[in-house]
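Below is query-v2.cif, which holds mmCIF, C-alpha atoms.
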data_protein
loop_
_atom_site.label_atom_id
_atom_site.label_comp_id
_atom_site.auth_asym_id
_atom_site.auth_seq_id
_atom_site.Cartn_x
_atom_site.Cartn_y
_atom_site.Cartn_z
CA MET K 26 162.17 225.67 40.62
CA LYS K 27 159.86 222.79 41.46
CA THR K 28 156.31 223.99 41.80
CA PHE K 29 152.92 222.56 42.53
CA ASN K 30 151.55 220.59 39.60
CA CYS K 31 147.95 220.84 40.76
CA CYS K 32 145.88 223.15 42.90
CA PRO K 33 145.60 221.72 46.44
CA ALA K 34 142.00 223.01 46.65
CA CYS K 35 140.40 221.86 43.37
CA GLY K 36 143.02 219.70 41.63
CA SER K 37 143.26 221.90 38.54
CA SER K 38 146.59 221.97 36.70
CA ASP K 39 146.04 225.64 35.82
CA ILE K 40 148.19 226.96 38.68
CA VAL K 41 150.88 229.63 38.31
CA PHE K 42 153.66 230.97 40.53
CA GLU K 43 153.54 234.78 40.70
CA ASP K 44 155.71 237.55 42.15
CA ASP K 45 158.18 235.11 43.80
CA LYS K 46 155.69 234.65 46.61
CA ARG K 47 152.38 233.02 45.71
CA PHE K 48 150.79 230.16 43.80
CA ASN K 49 147.50 231.14 42.18
CA CYS K 50 144.92 228.74 40.76
CA ARG K 51 143.26 230.22 37.69
CA GLU K 52 140.43 227.71 37.96
CA CYS K 53 139.11 228.25 41.50
CA GLY K 54 141.06 231.32 42.69
CA PHE K 55 142.89 229.49 45.51
CA ILE K 56 146.07 231.33 46.55
CA TYR K 57 148.95 229.80 48.49
CA PHE K 58 151.49 232.30 49.79
CA HIS K 59 155.06 230.98 49.84
CA ASN K 60 156.24 233.36 52.57
CA VAL K 61 159.74 234.06 53.77
CA ALA K 62 161.04 231.50 56.28
CA ALA K 63 162.90 232.64 59.39
CA ALA K 64 166.27 231.09 60.22
CA VAL K 65 168.86 231.74 62.93
CA GLY K 66 172.64 231.64 62.99
CA ALA K 67 175.00 231.70 65.96
CA ILE K 68 178.28 233.56 65.90
CA LEU K 69 179.96 231.70 68.71
CA GLU K 70 183.19 232.92 70.25
CA TYR K 71 185.50 230.42 71.92
CA ASP K 72 188.95 231.39 73.21
CA GLY K 73 189.23 234.42 70.93
CA LYS K 74 188.12 232.61 67.78
CA LEU K 75 184.81 232.05 66.02
CA VAL K 76 183.28 228.58 65.77
CA LEU K 77 182.18 227.77 62.23
CA ILE K 78 180.88 224.51 60.88
CA LYS K 79 181.79 222.67 57.71
CA ARG K 80 178.47 221.62 56.14
CA ALA K 81 177.89 217.87 55.74
CA LYS K 82 174.83 218.29 53.47
CA GLU K 83 173.60 220.32 50.53
CA PRO K 84 173.09 223.12 50.02
CA GLY K 85 176.67 224.23 50.42
CA LYS K 86 178.11 220.82 51.33
CA GLY K 87 181.76 221.18 52.36
CA LYS K 88 181.55 224.95 52.78
CA LEU K 89 181.68 227.00 55.96
CA ASP K 90 178.53 228.09 57.78
CA LEU K 91 177.34 229.20 61.18
CA PRO K 92 175.55 226.73 63.43
CA GLY K 93 171.81 227.31 63.45
CA GLY K 94 168.73 226.51 61.42
CA PHE K 95 165.10 227.23 60.71
CA VAL K 96 162.64 228.64 63.23
CA ASP K 97 159.83 226.18 63.94
CA PRO K 98 156.16 227.21 64.12
CA LYS K 99 155.21 228.87 67.44
CA GLU K 100 158.89 229.37 68.34
CA SER K 101 160.76 232.64 68.87
CA ALA K 102 164.08 233.26 67.16
CA GLU K 103 165.86 232.99 70.51
CA GLU K 104 164.14 229.67 71.30
CA ALA K 105 165.07 228.36 67.84
CA LEU K 106 168.70 229.40 68.31
CA ILE K 107 168.98 227.67 71.69
CA ARG K 108 167.26 224.53 70.33
CA GLU K 109 169.36 224.38 67.15
CA ILE K 110 172.66 224.84 69.03
CA LYS K 111 171.66 222.11 71.48
CA GLU K 112 170.70 219.78 68.60
CA GLU K 113 173.75 220.49 66.45
CA LEU K 114 176.54 221.12 68.97
CA ASN K 115 175.14 219.62 72.18
CA ILE K 116 175.83 222.76 74.20
CA ASN K 117 173.58 225.18 76.07
CA LEU K 118 173.69 228.86 75.16
CA ASN K 119 173.44 231.55 77.80
CA GLY K 120 172.44 235.08 76.87
CA PRO K 121 172.77 235.24 73.10
CA LYS K 122 172.79 238.83 71.84
CA TYR K 123 170.90 239.78 68.69
CA LEU K 124 173.11 241.36 66.02
CA GLY K 125 170.84 241.82 63.01
CA SER K 126 169.24 240.10 60.05
CA TYR K 127 169.86 239.60 56.38
CA PRO K 128 167.83 238.04 53.53
CA ASN K 129 168.99 234.80 51.96
CA ILE K 130 168.09 232.38 49.19
CA TYR K 131 168.14 228.74 50.31
CA GLN K 132 167.75 226.22 47.48
CA TYR K 133 166.91 222.74 48.71
CA GLU K 134 165.99 219.86 46.40
CA GLY K 135 165.03 222.20 43.58
CA VAL K 136 162.81 224.45 45.70
CA ILE K 137 163.89 228.01 46.36
CA TYR K 138 163.14 229.26 49.88
CA TYR K 139 163.55 232.95 50.59
CA THR K 140 164.66 233.35 54.18
CA CYS K 141 165.27 236.08 56.69
CA ASP K 142 168.34 234.98 58.65
CA LEU K 143 168.67 236.41 62.15
CA PHE K 144 172.16 236.47 63.63
CA PHE K 145 173.11 236.23 67.30
CA TYR K 146 176.43 236.42 69.15
CA CYS K 147 177.39 234.43 72.22
CA LYS K 148 180.62 233.54 74.02
CA ILE K 149 180.99 229.89 74.93
CA ASP K 150 183.29 228.38 77.55
CA VAL K 151 183.48 224.86 76.17
CA LEU K 152 184.40 223.83 72.65
CA PRO K 153 181.76 221.45 71.28
CA VAL K 154 183.12 217.93 70.83
CA ASP K 155 179.89 215.91 70.58
CA PHE K 156 178.31 217.52 67.52
CA SER K 157 175.77 216.26 64.98
CA LYS K 158 177.73 214.35 62.34
CA THR K 159 174.60 214.22 60.18
CA GLU K 160 174.59 217.99 59.64
CA ILE K 161 178.19 218.94 60.46
CA GLU K 162 181.27 217.49 58.81
CA ASP K 163 183.67 219.34 61.09
CA LEU K 164 184.13 222.35 63.37
CA VAL K 165 186.49 225.10 62.34
CA LEU K 166 187.96 227.76 64.67
CA LEU K 167 189.03 230.94 62.93
CA ASP K 168 190.05 234.47 63.73
CA PRO K 169 187.20 236.70 62.49
CA LEU K 170 189.60 238.60 60.22
CA GLU K 171 190.92 235.39 58.65
CA ILE K 172 187.63 233.81 57.56
CA PRO K 173 187.87 233.07 53.81
CA GLU K 174 184.71 234.59 52.33
CA ASP K 175 184.91 232.42 49.21
CA LYS K 176 184.56 229.32 51.42
CA ILE K 177 181.32 230.48 53.10
CA ALA K 178 178.14 228.71 51.97
CA PHE K 179 175.66 231.60 52.02
CA GLU K 180 175.67 235.32 51.28
CA SER K 181 173.61 235.97 54.41
CA VAL K 182 176.33 234.39 56.58
CA LYS K 183 178.92 236.67 54.98
CA ALA K 184 176.63 239.60 55.83
CA GLY K 185 176.05 238.30 59.38
CA LEU K 186 179.79 238.06 59.96
CA GLY K 187 180.06 241.60 58.58
CA ILE K 188 177.42 242.77 61.08
CA PHE K 189 179.47 241.12 63.83
CA LYS K 190 182.73 242.73 62.72
CA SER K 191 181.17 246.18 62.57
CA SER K 192 179.11 245.80 65.78
CA GLY K 193 181.86 246.68 68.21
CA PHE K 194 182.07 243.23 69.83
CA SER K 195 185.69 242.63 70.68
CA ILE K 196 187.40 239.29 70.75
#
Can you give me the file's structure in the form of structure tokens?
Amino acid sequence: MKTFNCCPACGSSDIVFEDDKRFNCRECGFIYFHNVAAAVGAILEYDGKLVLIKRAKEPGKGKLDLPGGFVDPKESAEEALIREIKEELNINLNGPKYLGSYPNIYQYEGVIYYTCDLFFYCKIDVLPVDFSKTEIEDLVLLDPLEIPEDKIAFESVKAGLGIFKSSGFSI
């Protein structure tokens, strides 16, 4: 994992990463907590199928994922979900229902981010056609029981789909 080379407070190179959560400077005692990031994923139902995306970027380029993304500062999970779906799929969500959360490890450019991924369910009436080609290679419609788990980018998404399947939502 890439780490800080120097303490951001005093410039010392005597900085260590401890307990998978904090950088500690042995010189001045400065501590930086690398806390869990919150992310959201949308399990979208369209015409009896689930809308998945094929990732256009690493991590997991070419694999299946749920539309969504990271929660910004001062933003609720629901606000993040609505914003991310608008940015990625150019559709407006109405009444997403919270399903549950699952921890994840998101490795980006050599840095490991521990995340708490929150999953929501929502039916949509229109299939997205004007989606972000920078983040999404393609949209994939699948029956929930036919989603190939070995093609899914993240363990948390597998767990989120499991929460959905066991939640009693019927398609």
Check what the PyMOL selection byres ((chain K and resi 176) around 9) selects in the file above and give those residues as a CSV table (one decimal) with C-alpha atoms, in the frame of the given file.
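part_5.csv, freshly written:
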chain,number,residue,atom,x,y,z
K,87,GLY,CA,181.8,221.2,52.4
K,88,LYS,CA,181.6,225.0,52.8
K,89,LEU,CA,181.7,227.0,56.0
K,90,ASP,CA,178.5,228.1,57.8
K,172,ILE,CA,187.6,233.8,57.6
K,173,PRO,CA,187.9,233.1,53.8
K,174,GLU,CA,184.7,234.6,52.3
K,175,ASP,CA,184.9,232.4,49.2
K,177,ILE,CA,181.3,230.5,53.1
K,178,ALA,CA,178.1,228.7,52.0
Q. Hey, what comes out of the PyMOL selection byres ((chain K and resi 110) around 12) on this file? Could you write it as JSON, numbers by chain?
A. {"K": [65, 66, 67, 68, 69, 76, 78, 91, 92, 93, 94, 95, 103, 104, 105, 106, 107, 108, 109, 111, 112, 113, 114, 115, 116, 117, 118, 119, 121, 145, 147, 149, 153, 155, 156, 157, 160, 161]}
Could you turn the residues from that selection into a file that holds C-alpha atoms, as a short mmCIF file (atom, residue, chain, number, x, y, z; two decimals), in the coordinates of the input?
data_model
loop_
_atom_site.label_atom_id
_atom_site.label_comp_id
_atom_site.auth_asym_id
_atom_site.auth_seq_id
_atom_site.Cartn_x
_atom_site.Cartn_y
_atom_site.Cartn_z
CA VAL K 65 168.86 231.74 62.93
CA GLY K 66 172.64 231.64 62.99
CA ALA K 67 175.00 231.70 65.96
CA ILE K 68 178.28 233.56 65.90
CA LEU K 69 179.96 231.70 68.71
CA VAL K 76 183.28 228.58 65.77
CA ILE K 78 180.88 224.51 60.88
CA LEU K 91 177.34 229.20 61.18
CA PRO K 92 175.55 226.73 63.43
CA GLY K 93 171.81 227.31 63.45
CA GLY K 94 168.73 226.51 61.42
CA PHE K 95 165.10 227.23 60.71
CA GLU K 103 165.86 232.99 70.51
CA GLU K 104 164.14 229.67 71.30
CA ALA K 105 165.07 228.36 67.84
CA LEU K 106 168.70 229.40 68.31
CA ILE K 107 168.98 227.67 71.69
CA ARG K 108 167.26 224.53 70.33
CA GLU K 109 169.36 224.38 67.15
CA LYS K 111 171.66 222.11 71.48
CA GLU K 112 170.70 219.78 68.60
CA GLU K 113 173.75 220.49 66.45
CA LEU K 114 176.54 221.12 68.97
CA ASN K 115 175.14 219.62 72.18
CA ILE K 116 175.83 222.76 74.20
CA ASN K 117 173.58 225.18 76.07
CA LEU K 118 173.69 228.86 75.16
CA ASN K 119 173.44 231.55 77.80
CA PRO K 121 172.77 235.24 73.10
CA PHE K 145 173.11 236.23 67.30
CA CYS K 147 177.39 234.43 72.22
CA ILE K 149 180.99 229.89 74.93
CA PRO K 153 181.76 221.45 71.28
CA ASP K 155 179.89 215.91 70.58
CA PHE K 156 178.31 217.52 67.52
CA SER K 157 175.77 216.26 64.98
CA GLU K 160 174.59 217.99 59.64
CA ILE K 161 178.19 218.94 60.46
#
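Compared by their closest atoms to Thr140 of chain K, and using only C-alpha atoms, the residues K:Glu180, K:Glu171, K:Glu43, K:Glu162 rank with K:Glu180 nearest.
Within the 10 Å cut-off around Phe189 of chain K, using all atoms listed in the file and omitting residues fewer than 6 positions from it on the same chain, the listed residues are Ile68, Tyr123, Leu124, Gly125, Phe144, Phe145, Tyr146, Pro169, Lys183 and Ser195 of chain K.
Remark: for Leu167 of chain K, the closest of the candidate residues K:Val61, K:Ala34, K:Leu75, K:Leu152 is K:Leu75 (distances computed over all atoms listed in the file).
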Q) Val41 of chain K: which residues within 8 Å, counting all atoms listed in the file, same-chain residues fewer than 5 positions away excluded, as a ChimeraX atom specification? A) /K:48-51
(Q) I need the residue nearest Asp163 of chain K from this list: K:Ala62, K:Lys74, K:Lys79, K:Ser126. Use only C-alpha atoms for the distance. (A) K:Lys79
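When all atoms listed in the file are used to measure the gap to Cys53 of chain K, the shortest distance among K:Ile137, K:Leu164, K:Leu170, K:Cys35 belongs to K:Cys35.
Candidate residues K:Cys141, K:Leu77, K:Lys82, K:Asp150 were compared for distance to Asn60 of chain K, and the nearest is K:Cys141, using only C-alpha atoms.
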Could you please fill out segment 103-114 of chain K with N, CA and C atoms and send it back as a compact mmCIF listing (two decimals), in the frame of the given file?
# COMPACT_ATOMS: atom_id res chain seq x y z
N GLU K 103 164.94 233.36 69.42
CA GLU K 103 165.86 232.99 70.51
C GLU K 103 165.66 231.52 70.91
N GLU K 104 164.41 231.08 70.98
CA GLU K 104 164.14 229.67 71.30
C GLU K 104 164.71 228.76 70.22
N ALA K 105 164.54 229.16 68.95
CA ALA K 105 165.07 228.36 67.84
C ALA K 105 166.60 228.27 67.92
N LEU K 106 167.23 229.39 68.22
CA LEU K 106 168.70 229.40 68.31
C LEU K 106 169.17 228.44 69.41
N ILE K 107 168.58 228.54 70.57
CA ILE K 107 168.98 227.67 71.69
C ILE K 107 168.74 226.21 71.35
N ARG K 108 167.58 225.90 70.72
CA ARG K 108 167.26 224.53 70.33
C ARG K 108 168.23 224.01 69.28
N GLU K 109 168.47 224.81 68.23
CA GLU K 109 169.36 224.38 67.15
C GLU K 109 170.79 224.14 67.65
N ILE K 110 171.29 225.01 68.52
CA ILE K 110 172.66 224.84 69.03
C ILE K 110 172.74 223.60 69.91
N LYS K 111 171.68 223.34 70.66
CA LYS K 111 171.66 222.11 71.48
C LYS K 111 171.63 220.88 70.56
N GLU K 112 170.79 220.91 69.52
CA GLU K 112 170.70 219.78 68.60
C GLU K 112 171.99 219.55 67.82
N GLU K 113 172.59 220.63 67.33
CA GLU K 113 173.75 220.49 66.45
C GLU K 113 175.06 220.33 67.20
N LEU K 114 175.25 221.10 68.28
CA LEU K 114 176.54 221.12 68.97
C LEU K 114 176.51 220.50 70.37
